[in-house]
Each structure stands twice: as structure tokens, then as C-alpha cells.
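For reference, the structure discussed in these notes is given below.
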Amino acid sequence: MENYEVLPPSPGKHNMDNYDEYCKNFTWDIVEKEFSWYTTGKVNIAYEAIDRMVDEKGKGATPAIQYYDGKNETVVTFAELKAQSNKFANVLAKLGITKGERVFLFIPRSPEMLISFAGIVKAGCIAGPLFEAFMEEAVKDRLNDSAAVAIVTIAGQKNRIKKDEIPSLKHVIVIGDDEANLAPYEISYEKAMAEASDVFEPVWLAKDDPMFLLYTSGSTGKPKGVLHTHEIMTGMYHTMRISQDVKDGDVFWCTADPGWITGVSYSVWGPWLVGIPTIIVGGRFTPDNWYHALEKYGVTNWYSAPTAFRMLAAAGEDAPKNYNLKLRHITSVGEPLNPEVIMWALKAFNVRVHETFFMTETGVNMICCYPSEPIRVGSMFKAIPGVECAITDEDGKVLPPLQMGNLSLKKGWPGMMKAIWNNPEKFNEYFANEPWFISGDQAYMDEDGYVWFQGRNDDVIKTAGERVGPFEVESKLIEHPAVLESGVIGKPDEIRGNIIKAFIVLAPGYTWSEELGEELKKYVKTGLAAHAAPREIEVVDKLPKTRSGKIMRRVLKAQDAGLPVGDLSTLEDD
Ligand code: WT7
């Protein structure tokens with residue numbers, strides 16, 4: 001830690017010019033006053049983010065969505081978004097879907113994805129965004145756990161929704177399908193939208209009524225449904241201003257997919273809440289496509305992830321010089337940002353990259369580097385004004401500086417999850433040490449209160465910034481007849497942070513071959529999702545386990561890295 005570089009603050013004026021000063025005077029009330037519910041008492045984030053921009057802020061003609069697929073561009077203004085989301089809310093009402101029911105989104109990033117998301121929320125229903133790459137089983141698990149009544153999808157993905165195996169599911173709304181192809185329970189999005197009225201009064205709610213349900217992985221069991229409420233708008237607005245430093249006239253591009261929390265908070269709702277368009281770039285990632293998008297839109301504030309930065313860096317320091325870029329503020333999330341990336345960005349763009357740390361469970365940015373403060377390269381700096389961070393031990397005792405422990409946040413900020421769907425025990429685990437929310441990450445603070453991230457303290461894998469539970473992958477692998485047992489870990493990788501590596505014990509009668517390896521990778525890819533598929537598979541005779549039969553993934557990890565395996569006293573006897 002002694003040897004870190006310090007980068008001076010970014011030049012210019014920022015929304016927060018002095019962190020300590022700002023924290024001293026901050027109350028959440030200051031942010032809440034920005035919303036009309038503060039005086040009317042009528043809450044719906046869709047009203048604050050969309051309708052109000054048209055009705056009260058004169059932004060009807062301002063773009064709310066700028067969608068670019070690499071060739072064509074679609075622009076949806078706030079007035080159009082208001083009308084279209086009203087229509088979608090009316091489509092749901094006509095189907096008899098009411099407040100609190102779960103409606104899922106299984107759509108590649110597109111204006112329709114955002115319009116239906118807005119419509120669901122406006123109707124008071126709970127939206128369930130799904131990453132478009134999920135396959136059958138991942139979709140089924142999430143819809144069944146939450147007893148979803150409807151899902152919106154595209155023609156090309158509807159075969160991954162096994163309606164027969166999802167008893168609660170009544171309606172599948174399909175975008176871009178021929179009517180002749182529709183099953184009786186399927187509804188044409190285009191037809192329903194054409195028939196629907198564009199007038200709809202938002203369903204008025206309380207601040208802590210649910211807004212969306214996002215499934216995320218832990219180290220045990222299937223993914224858990226993290227439930228967020230309309231109150232998250234306060235956290236989104238605050239962090240759009242303070243950590244993303246967005247001001248009027250700025251162009252903000254968050255590259256995250258709306259199927260994950262960063263996308264929900266910063267590719268969809270965050271920009272709308274501050275009255276600016278969300279930029280959605282479809283198609284495949286290539287350095288040229290991304291640089292082109294940065295130039296085309298004149299992006300000033302850019303939010304992305306270390307894996308993406310590392311891929312761009314691999315394309316060369318000079319690549320950005322071919323483009324006319326206006327970048328002023330860059331932020332990063334999802335996995336540790338290596339110092340090399342920060343140094344690359346300084347050379348390539350002459351701009352610092354600011355760490356932001358948060359989780360699906362925290363809803364919005366929690367610990368960030370800010371443009372007005374120096375960066376100690378490798379540190380995440382401090383919690384956003386309004387949130388307190390501490391490093392705690394197993395009993396919830398706050399640890400002194402320089403001691404590693406649990407990265408914890410004092411509970412109760414606007415945007416903190418309200419529940420884990422159907423799983424109060426799991427929810428309570430996060431709050432076992434009141435008043436702290438325990439993140440599952442390890443960190444320490446230095447003497448000046450800067451937070452230094454050290455890694456997860458469970459087996460959750462972060463691959464290319466995406467969160468994967470080893471249990472899901474292991475379970476899928478052992479469904480294959482050739483696999484008797486499996487243990488899955490994250491293996492450090494220069495570009496992706498980690499890749500997924502599986503250790504397997506073959507079932508009797510099977511022998512290892514390259515083909516079998518490929519088959520197993522494909523098996524996970526088509527059953528779960530491409531990002532969850534192992535990139536490496538190693539056959540072993542047996543897996544290290546505890547006496548109670550739990551796979552000791554830390555032993556696999558250490559062995560794989562050629563490190564000492566540590567305490568094996570709980571390892572099972574032969
Ligand atoms: C986990 C949460 C990608 C969207 C936000 C993540 C890791 C997050 C950082 C960071 C190091 C980070 C943590 C955390 N993480 N931000 N700046 N530096 N690690 O949401 O998918 O729920 O993942 O991501 O391990 O617990 P998520």
C-alpha cells in the first residue's frame with residue numbers, strides 16, 4: 001500500500017467540489033426535494049423520470065432514448081416515451097395485470113426494452129429485467145421463483161420461455177412476430193400497442209413499494225431475487241450528480257446492459273431522472289464501434305467496466321487518436337480497476353478513470369472516487385455523501401485502519417434492497433451485524449479513510465464484471481451424464497479479471513477428450529448462459545471436500561494458482 005501513485009483532481013468545476021464540506025452539509029432531504037412527490041405525496045418513479053419531464057420541465061422534445069445499432073439510429077423523445085409507456089401500461093391493464101404483479105423483460109437492449117420497462121413500472125407492477133443471453137433454465141428458474149404472470153420478449157428468443165413449466169405465467173408478449181406464429185397465450189406487442197390508448201395515469205404508490213426484481217448469484221444455491229423499491233430514484237439521482245458528475249448539457253453513456261443493476265440504474269432510469277437521454281448502443285463490442293459511438297454522440301461522461309477498458313487498451317494507445325472525443329469524466333465498476341488501466345486512460349484520453357463500487361443489493365453507487373478529489377491509485381476513495389462505510393469483523397465490530405475485514409455499509413440509504421424474494425433468511429444474513437449491511441467483500445481503510453478493495457470473501461466469481469455463482473455452473477455440469485462431480489472457481493485472467501474454470505470427476509465409463517470438453521462448455525452455454533460457461537475444464541480423480549461433503553473451492557483455487565493450500569484440517573479423510 002505504501003507505493004501508490006496519486007493523481008491530482010480533475011480540472012474544472014464539479015457537482016461536488018469538496019467532499020468533506022459536502023458531506024458535512026448533506027441530508028437526503030436535499031435530494032428528495034428534487035421530486036414532485038416531496039410535495040404531492042404521489043410516488044411513481046416513471047412519473048418523475050418521464051411524465052414530469054414533459055408536463056413540468058418542458059423537455060417533451062428532448063431525446064429520452066438514443067439507440068444506435070451501428071448503422072441506424074432511433075430517437076425517442078420524452079413526449080414519445082411518455083405516450084409509449086402509457087400505451088404499454090394500458091396493454092398490461094387490459095390483460096388484467098395489476099399492482100405488485102411480476103412482469104419480466106427478456107429483450108435485447110432496444111427502445112422496446114426501455115419502453116416496456118417504463119410501462120410496467122408506471123402500472124405499479126414489478127419489472128423483472130433478464131439478461132438477453134439467458135437460456136431456458138435460467139429464465140425458468142427466475143420466473144418460477146417470482147411467480148411471474150407475464151413476460152415481454154422478441155420472436156427470436158421466445159422459444160427459451162418454457163411456458164408449460166412455469167405455472168404462474170399467463171401471457172407472453174412478443175415483439176416482431178408474425179401473427180400467424182402466435183400461440184393462444186402469445187400477444188403481438190405491435191398490435192397491442194397500436195390498439196392501446198396513450199393516456200394513462202401512473203399508479204400512485206408509496207416510496208417503499210417494489211419497482212423491480214433483479215436476480216443475482218451468490219456462492220450457494222440458485223440466483224436470488226433482489227427486490228428494489230421506487231425510493232431508489234433518490235439514490236440514482238444523487239449518484240448521477242455526485243459520482244457520475246452529470247450536469248446540464250453533458251452527454252452520458254453507460255455501456256452496461258439493462259439486464260444488470262448498472263444498466264437498470266445508469267443506462268435506463270438515472271439519465272431520465274436528470275432529464276437527459278440514455279444512449280443505447282446495440283450490436284457487438286469492438287473498439288472501433290465504441291470509439292465511434294463516443295465520437296458520434298460527443299460523450300462527455302462515460303461509465304464502463306475494467307474488462308471493456310482492458311479490451312480497448314489492447315487495441316492500442318493510439319487508437320482513440322483517430323477519433324474526435326470530448327470525454328471529461330470516466331467511471332468504472334464491477335471489478336477491481338488495475339493501475340495499468342488508469343495509466344492507459346490518462347495517456348489515451350488525458351482523463352482519469354474513477355472507481356465506483358456497488359452491488360445489485362445496494363442499488364446505486366456506494367463508494368467512489370470523485371473528480372474533485374485526488375485518486376490514490378488502487379483505492380476506491382470513500383462512500384457517497386449520505387452513506388457510511390466501515391470495515392467490520394465477524395461480530396460487526398468496527399476495525400481500526402489498515403486491518404482487513406468485511407466491507408460494510410450502514411443500512412438505510414435510499415436504493416438499498418427491500419427484500420430477497422421468498423427468502424427472508426438470506427436477506428437477514430446481509431444484516432446479521434446491525435446496523436451494518438455486509439457486502440461479502442473484503443477491504444481495509446487507510447489512516448485517511450480511503451477504502452482499498454481486496455476481493456470477495458466468498459466463492460462468487462466476477463468474470464468480465466458479471467457475477468456468476470459457482471453452484472449454478474457445478475449443478476449444470478453434473479446434469480451431464482459424463483460428469484460425476486464438479487467444482488468451479490474463478491481463475492485470474494488478464495483481460496476478463498477472472499475466467500470460469502471447472503474441475504470435474506468423470507462418471508464411470510467416460511474418458512476425457514477435447515470433444516467432450518467442448519460438449520460440456522456448450523452444455524452450460526445452452527442450458528444457462530454463455531457468460532456462465534467454463535472456459536477451462538480440468539479432469540481430476542477427486543475433489544477436495546469438507547467432512548460434511550462441501551467442495552472446498554479455495555483449495556482448488558490455491559492448487560490451480562500453485563499456491564500453498566492452507567488449512568486442510570477440515571478436509572475429508574480418504
Ligand atoms: C460485486 C457486486 C457490475 C455492476 C455492479 C456490481 C464487485 C463492484 C467493484 C469495484 C472491485 C467491485 C464486488 C461486489 N465490484 N464494483 N469498483 N472494484 N470490485 O454488481 O454484479 O451485484 O456485483 O462486484 O465484488 O460485491 P454485482
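Residue numbering restarts at 1 for every chain of the C-alpha cells, chains are lettered A, B, ... in their displayed order, and ligands are numbered from 1 as they appear.
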Counting only C-alpha atoms and all ligand atoms, which protein, DNA or RNA residues come within 7 Å of ligand 1, given as a ChimeraX atom specification? /A:216,260-262,332-337,355-361,380,439-441,453,455-456,462,465-467
Residue neighbourhood Trp512 (chain A), 10 Å, only C-alpha atoms, exclusion window fewer than 5 positions, as number ranges by chain: A: 482, 506, 517, 538-539
Would you mind writing down, as a CSV table (one decimal) with C-alpha atoms, in the first residue's frame, each residue of region 406-515 of chain A that DSSP on the backbone assigns to alpha helix (DSSP H)?
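So the final result, stored in part.csv, reads:
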```csv
chain,number,residue,atom,x,y,z
A,424,PRO,CA,-36.0,-13.7,4.4
A,425,GLU,CA,-33.2,-15.9,5.8
A,426,LYS,CA,-30.9,-14.9,3.1
A,427,PHE,CA,-31.9,-11.3,3.4
A,428,ASN,CA,-31.2,-11.4,7.2
A,429,GLU,CA,-27.7,-12.8,6.5
A,430,TYR,CA,-26.7,-9.4,5.0
A,470,PRO,CA,-20.1,-21.5,-8.8
A,471,PHE,CA,-23.0,-23.6,-7.6
A,472,GLU,CA,-25.1,-22.9,-10.7
A,473,VAL,CA,-22.4,-24.0,-13.0
A,474,GLU,CA,-21.5,-27.0,-10.9
A,475,SER,CA,-25.1,-28.1,-10.9
A,476,LYS,CA,-25.5,-27.7,-14.6
A,477,LEU,CA,-22.3,-29.7,-15.2
A,478,ILE,CA,-23.3,-32.7,-13.1
A,479,GLU,CA,-26.6,-32.9,-15.1
A,514,GLU,CA,-11.2,-32.4,-26.5
A,515,GLU,CA,-14.7,-33.1,-27.9
```
Within 10 Å of Ala345 (chain A), counting only C-alpha atoms, which residues show up once you throw out same-chain ones fewer than 5 positions away? Write them as a PyMOL selection string, please. chain A and resi 309-310+312-313+317+330+339-340+350-353
Written file, previous selection with all heavy atoms, as an mmCIF file, in the first residue's frame:
```cif
data_model
loop_
_atom_site.group_PDB
_atom_site.id
_atom_site.type_symbol
_atom_site.label_atom_id
_atom_site.label_comp_id
_atom_site.auth_asym_id
_atom_site.auth_seq_id
_atom_site.Cartn_x
_atom_site.Cartn_y
_atom_site.Cartn_z
ATOM 1 N N PHE A 309 -12.358 -1.663 -20.681
ATOM 2 C CA PHE A 309 -11.175 -0.792 -20.800
ATOM 3 C C PHE A 309 -9.944 -1.605 -21.215
ATOM 4 O O PHE A 309 -9.142 -1.162 -22.031
ATOM 5 C CB PHE A 309 -10.893 -0.061 -19.480
ATOM 6 C CG PHE A 309 -11.972 0.926 -19.091
ATOM 7 C CD1 PHE A 309 -12.482 0.951 -17.802
ATOM 8 C CD2 PHE A 309 -12.479 1.838 -20.022
ATOM 9 C CE1 PHE A 309 -13.474 1.859 -17.433
ATOM 10 C CE2 PHE A 309 -13.465 2.750 -19.665
ATOM 11 C CZ PHE A 309 -13.971 2.748 -18.366
ATOM 12 N N ARG A 310 -9.811 -2.805 -20.630
ATOM 13 C CA ARG A 310 -8.633 -3.620 -20.974
ATOM 14 C C ARG A 310 -8.677 -4.049 -22.442
ATOM 15 O O ARG A 310 -7.652 -4.116 -23.113
ATOM 16 C CB ARG A 310 -8.540 -4.832 -20.037
ATOM 17 C CG ARG A 310 -8.121 -4.445 -18.614
ATOM 18 C CD ARG A 310 -7.798 -5.655 -17.754
ATOM 19 N NE ARG A 310 -8.993 -6.405 -17.398
ATOM 20 C CZ ARG A 310 -9.611 -6.335 -16.211
ATOM 21 N NH1 ARG A 310 -9.140 -5.558 -15.256
ATOM 22 N NH2 ARG A 310 -10.675 -7.063 -15.966
ATOM 23 N N LEU A 312 -10.091 -2.324 -24.828
ATOM 24 C CA LEU A 312 -9.771 -1.120 -25.598
ATOM 25 C C LEU A 312 -8.270 -0.845 -25.539
ATOM 26 O O LEU A 312 -7.647 -0.496 -26.548
ATOM 27 C CB LEU A 312 -10.550 0.087 -25.067
ATOM 28 C CG LEU A 312 -12.061 0.040 -25.289
ATOM 29 C CD1 LEU A 312 -12.728 1.199 -24.570
ATOM 30 C CD2 LEU A 312 -12.420 0.078 -26.765
ATOM 31 N N ALA A 313 -7.694 -1.041 -24.358
ATOM 32 C CA ALA A 313 -6.259 -0.799 -24.207
ATOM 33 C C ALA A 313 -5.474 -1.733 -25.128
ATOM 34 O O ALA A 313 -4.461 -1.336 -25.713
ATOM 35 C CB ALA A 313 -5.845 -0.984 -22.754
ATOM 36 N N GLU A 317 -2.778 2.314 -27.623
ATOM 37 C CA GLU A 317 -2.919 3.622 -27.003
ATOM 38 C C GLU A 317 -3.330 4.691 -28.008
ATOM 39 O O GLU A 317 -3.978 5.674 -27.668
ATOM 40 C CB GLU A 317 -1.558 4.007 -26.438
ATOM 41 C CG GLU A 317 -1.575 4.633 -25.103
ATOM 42 C CD GLU A 317 -0.166 4.617 -24.551
ATOM 43 O OE1 GLU A 317 0.635 5.425 -25.029
ATOM 44 O OE2 GLU A 317 0.110 3.759 -23.672
ATOM 45 N N ILE A 330 -14.639 9.851 -16.591
ATOM 46 C CA ILE A 330 -14.809 8.413 -16.856
ATOM 47 C C ILE A 330 -14.952 7.690 -15.521
ATOM 48 O O ILE A 330 -14.213 7.970 -14.568
ATOM 49 C CB ILE A 330 -13.610 7.822 -17.634
ATOM 50 C CG1 ILE A 330 -13.354 8.608 -18.928
ATOM 51 C CG2 ILE A 330 -13.845 6.351 -17.961
ATOM 52 C CD1 ILE A 330 -12.189 8.078 -19.761
ATOM 53 N N PRO A 339 -4.170 -0.533 -11.886
ATOM 54 C CA PRO A 339 -3.473 0.734 -12.118
ATOM 55 C C PRO A 339 -3.085 0.924 -13.590
ATOM 56 O O PRO A 339 -3.150 2.041 -14.100
ATOM 57 C CB PRO A 339 -2.228 0.601 -11.237
ATOM 58 C CG PRO A 339 -2.640 -0.309 -10.137
ATOM 59 C CD PRO A 339 -3.627 -1.272 -10.733
ATOM 60 N N GLU A 340 -2.736 -0.159 -14.282
ATOM 61 C CA GLU A 340 -2.334 -0.027 -15.700
ATOM 62 C C GLU A 340 -3.458 0.602 -16.516
ATOM 63 O O GLU A 340 -3.218 1.359 -17.448
ATOM 64 C CB GLU A 340 -1.992 -1.388 -16.331
ATOM 65 C CG GLU A 340 -0.822 -2.133 -15.708
ATOM 66 C CD GLU A 340 -1.198 -2.808 -14.409
ATOM 67 O OE1 GLU A 340 -2.250 -3.452 -14.362
ATOM 68 O OE2 GLU A 340 -0.450 -2.669 -13.412
ATOM 69 N N ASN A 350 -6.359 11.504 -21.673
ATOM 70 C CA ASN A 350 -5.992 12.584 -20.766
ATOM 71 C C ASN A 350 -7.064 12.826 -19.701
ATOM 72 O O ASN A 350 -7.346 13.953 -19.310
ATOM 73 C CB ASN A 350 -5.693 13.873 -21.554
ATOM 74 C CG ASN A 350 -4.954 14.884 -20.707
ATOM 75 O OD1 ASN A 350 -4.287 14.502 -19.742
ATOM 76 N ND2 ASN A 350 -5.114 16.158 -21.022
ATOM 77 N N VAL A 351 -7.692 11.741 -19.267
ATOM 78 C CA VAL A 351 -8.744 11.801 -18.253
ATOM 79 C C VAL A 351 -8.501 10.647 -17.276
ATOM 80 O O VAL A 351 -8.061 9.577 -17.681
ATOM 81 C CB VAL A 351 -10.143 11.630 -18.909
ATOM 82 C CG1 VAL A 351 -11.235 11.699 -17.874
ATOM 83 C CG2 VAL A 351 -10.377 12.678 -19.987
ATOM 84 N N ARG A 352 -8.800 10.874 -16.006
ATOM 85 C CA ARG A 352 -8.656 9.810 -15.019
ATOM 86 C C ARG A 352 -9.862 8.855 -15.103
ATOM 87 O O ARG A 352 -10.952 9.264 -15.495
ATOM 88 C CB ARG A 352 -8.632 10.388 -13.597
ATOM 89 C CG ARG A 352 -7.692 11.566 -13.403
ATOM 90 C CD ARG A 352 -7.636 12.007 -11.945
ATOM 91 N NE ARG A 352 -8.940 12.235 -11.341
ATOM 92 C CZ ARG A 352 -9.117 12.535 -10.062
ATOM 93 N NH1 ARG A 352 -8.085 12.637 -9.254
ATOM 94 N NH2 ARG A 352 -10.328 12.734 -9.574
ATOM 95 N N VAL A 353 -9.672 7.611 -14.692
ATOM 96 C CA VAL A 353 -10.816 6.706 -14.536
ATOM 97 C C VAL A 353 -11.137 6.639 -13.051
ATOM 98 O O VAL A 353 -10.252 6.382 -12.233
ATOM 99 C CB VAL A 353 -10.516 5.288 -15.063
ATOM 100 C CG1 VAL A 353 -11.758 4.409 -14.926
ATOM 101 C CG2 VAL A 353 -10.072 5.329 -16.518
#
```
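Using only C-alpha atoms, the shortest contact distance between Ala319 (chain A) and any of A:His292, A:Pro435, A:Met343, A:Asp541 is found at A:His292.
Compared by their closest atoms to Glu494 (chain A), and using only C-alpha atoms, the residues A:Glu373, A:Ser267, A:Asp20, A:Val341 rank with A:Val341 nearest.
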Neighbours of Leu214 (chain A) within 9 Å (only C-alpha atoms; same-chain residues fewer than 6 positions away dropped), as a PyMOL selection string? chain A and resi 127-130+224-228+259-261+360
Per DSSP on the backbone, filter region 268-442 of chain A down to the residues in strand (DSSP E) and report them as an mmCIF file with C-alpha atoms, in the first residue's frame.
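result-v2.cif was written with the following content:
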```cif
data_model
loop_
_atom_site.group_PDB
_atom_site.id
_atom_site.type_symbol
_atom_site.label_atom_id
_atom_site.label_comp_id
_atom_site.auth_asym_id
_atom_site.auth_seq_id
_atom_site.Cartn_x
_atom_site.Cartn_y
_atom_site.Cartn_z
ATOM 1 C CA THR A 278 -29.939 7.336 -22.351
ATOM 2 C CA ILE A 279 -27.598 6.217 -25.101
ATOM 3 C CA ILE A 280 -28.018 2.571 -26.038
ATOM 4 C CA VAL A 281 -25.522 1.021 -28.406
ATOM 5 C CA ASN A 301 -19.290 11.343 -19.132
ATOM 6 C CA TRP A 302 -18.613 7.679 -19.766
ATOM 7 C CA TYR A 303 -19.425 4.779 -17.432
ATOM 8 C CA SER A 304 -17.951 1.381 -18.266
ATOM 9 C CA HIS A 329 -15.260 12.204 -16.768
ATOM 10 C CA ILE A 330 -14.809 8.413 -16.856
ATOM 11 C CA THR A 331 -16.116 5.961 -14.271
ATOM 12 C CA SER A 332 -15.653 2.223 -13.853
ATOM 13 C CA VAL A 353 -10.816 6.706 -14.536
ATOM 14 C CA HIS A 354 -12.831 6.900 -11.319
ATOM 15 C CA GLU A 355 -13.683 3.726 -9.431
ATOM 16 C CA THR A 356 -17.252 3.249 -8.372
ATOM 17 C CA PHE A 357 -18.206 0.336 -6.156
ATOM 18 C CA ILE A 367 -18.023 4.025 -2.723
ATOM 19 C CA CYS A 368 -16.477 6.203 -5.386
ATOM 20 C CA ILE A 375 -7.007 9.475 -6.649
ATOM 21 C CA ARG A 376 -4.754 7.138 -4.702
ATOM 22 C CA LYS A 382 -14.946 6.967 0.166
ATOM 23 C CA ALA A 383 -18.674 6.355 0.457
ATOM 24 C CA CYS A 389 -18.785 2.780 5.232
ATOM 25 C CA ALA A 390 -16.824 0.770 7.791
ATOM 26 C CA ILE A 391 -14.602 -2.262 7.887
ATOM 27 C CA THR A 392 -16.051 -4.693 10.403
ATOM 28 C CA GLY A 405 -12.273 -7.106 7.240
ATOM 29 C CA ASN A 406 -15.800 -7.005 5.864
ATOM 30 C CA LEU A 407 -16.651 -4.057 3.700
ATOM 31 C CA SER A 408 -19.839 -2.848 5.406
ATOM 32 C CA LEU A 409 -22.290 -0.016 4.828
ATOM 33 C CA LYS A 410 -24.625 1.474 7.408
ATOM 34 C CA ALA A 419 -36.014 -7.942 0.393
ATOM 35 C CA ILE A 420 -34.707 -11.110 -1.143
ATOM 36 C CA TRP A 436 -24.356 -2.883 9.035
ATOM 37 C CA PHE A 437 -25.115 -4.248 5.587
ATOM 38 C CA ILE A 438 -22.352 -6.801 4.966
ATOM 39 C CA SER A 439 -21.252 -6.742 1.345
ATOM 40 C CA GLY A 440 -19.391 -10.041 1.091
ATOM 41 C CA ASP A 441 -16.283 -8.161 0.000
ATOM 42 C CA GLN A 442 -13.074 -7.654 1.912
#
```
Straight-line distance linking CA of Gln454 (chain A) with CA of Asn338 (chain A), stated in Å to one decimal: 12.1 Å
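Among the candidate residues A:Ala315, A:Gly221, A:Asp250, A:Ala46, the one lying nearest to Thr286 (chain A) is A:Ala315, with distances computed using only C-alpha atoms.
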Identify, on the basis of only C-alpha atoms, every residue whose closest approach to Gly270 (chain A) does not exceed 9 Å; exclude the query and any residue fewer than 4 positions from it along the same chain; express the result as a list in words.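 After dropping sequence-adjacent residues, the list is Ala49, Met233, Met236, Tyr237, Thr239, Met240, Val264, Ser265, Tyr266, Val274, Gly275, Ile276 and Thr278 of chain A.
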Under the rule that only C-alpha atoms are counted, which of A:Pro306, A:Gly263, A:Pro11, A:Gly100 is the nearest residue to Arg496 (chain A)?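 The answer is A:Pro306, which sits nearest to Arg496 (chain A).
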Can you pull out every residue within 7 Å of Val251 (chain A), counting only C-alpha atoms, but drop anything in the same chain fewer than 6 positions away, and send it as a list in words?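 My reading of the contact set: Gly298, Val299, Thr300 and Asn301 of chain A.
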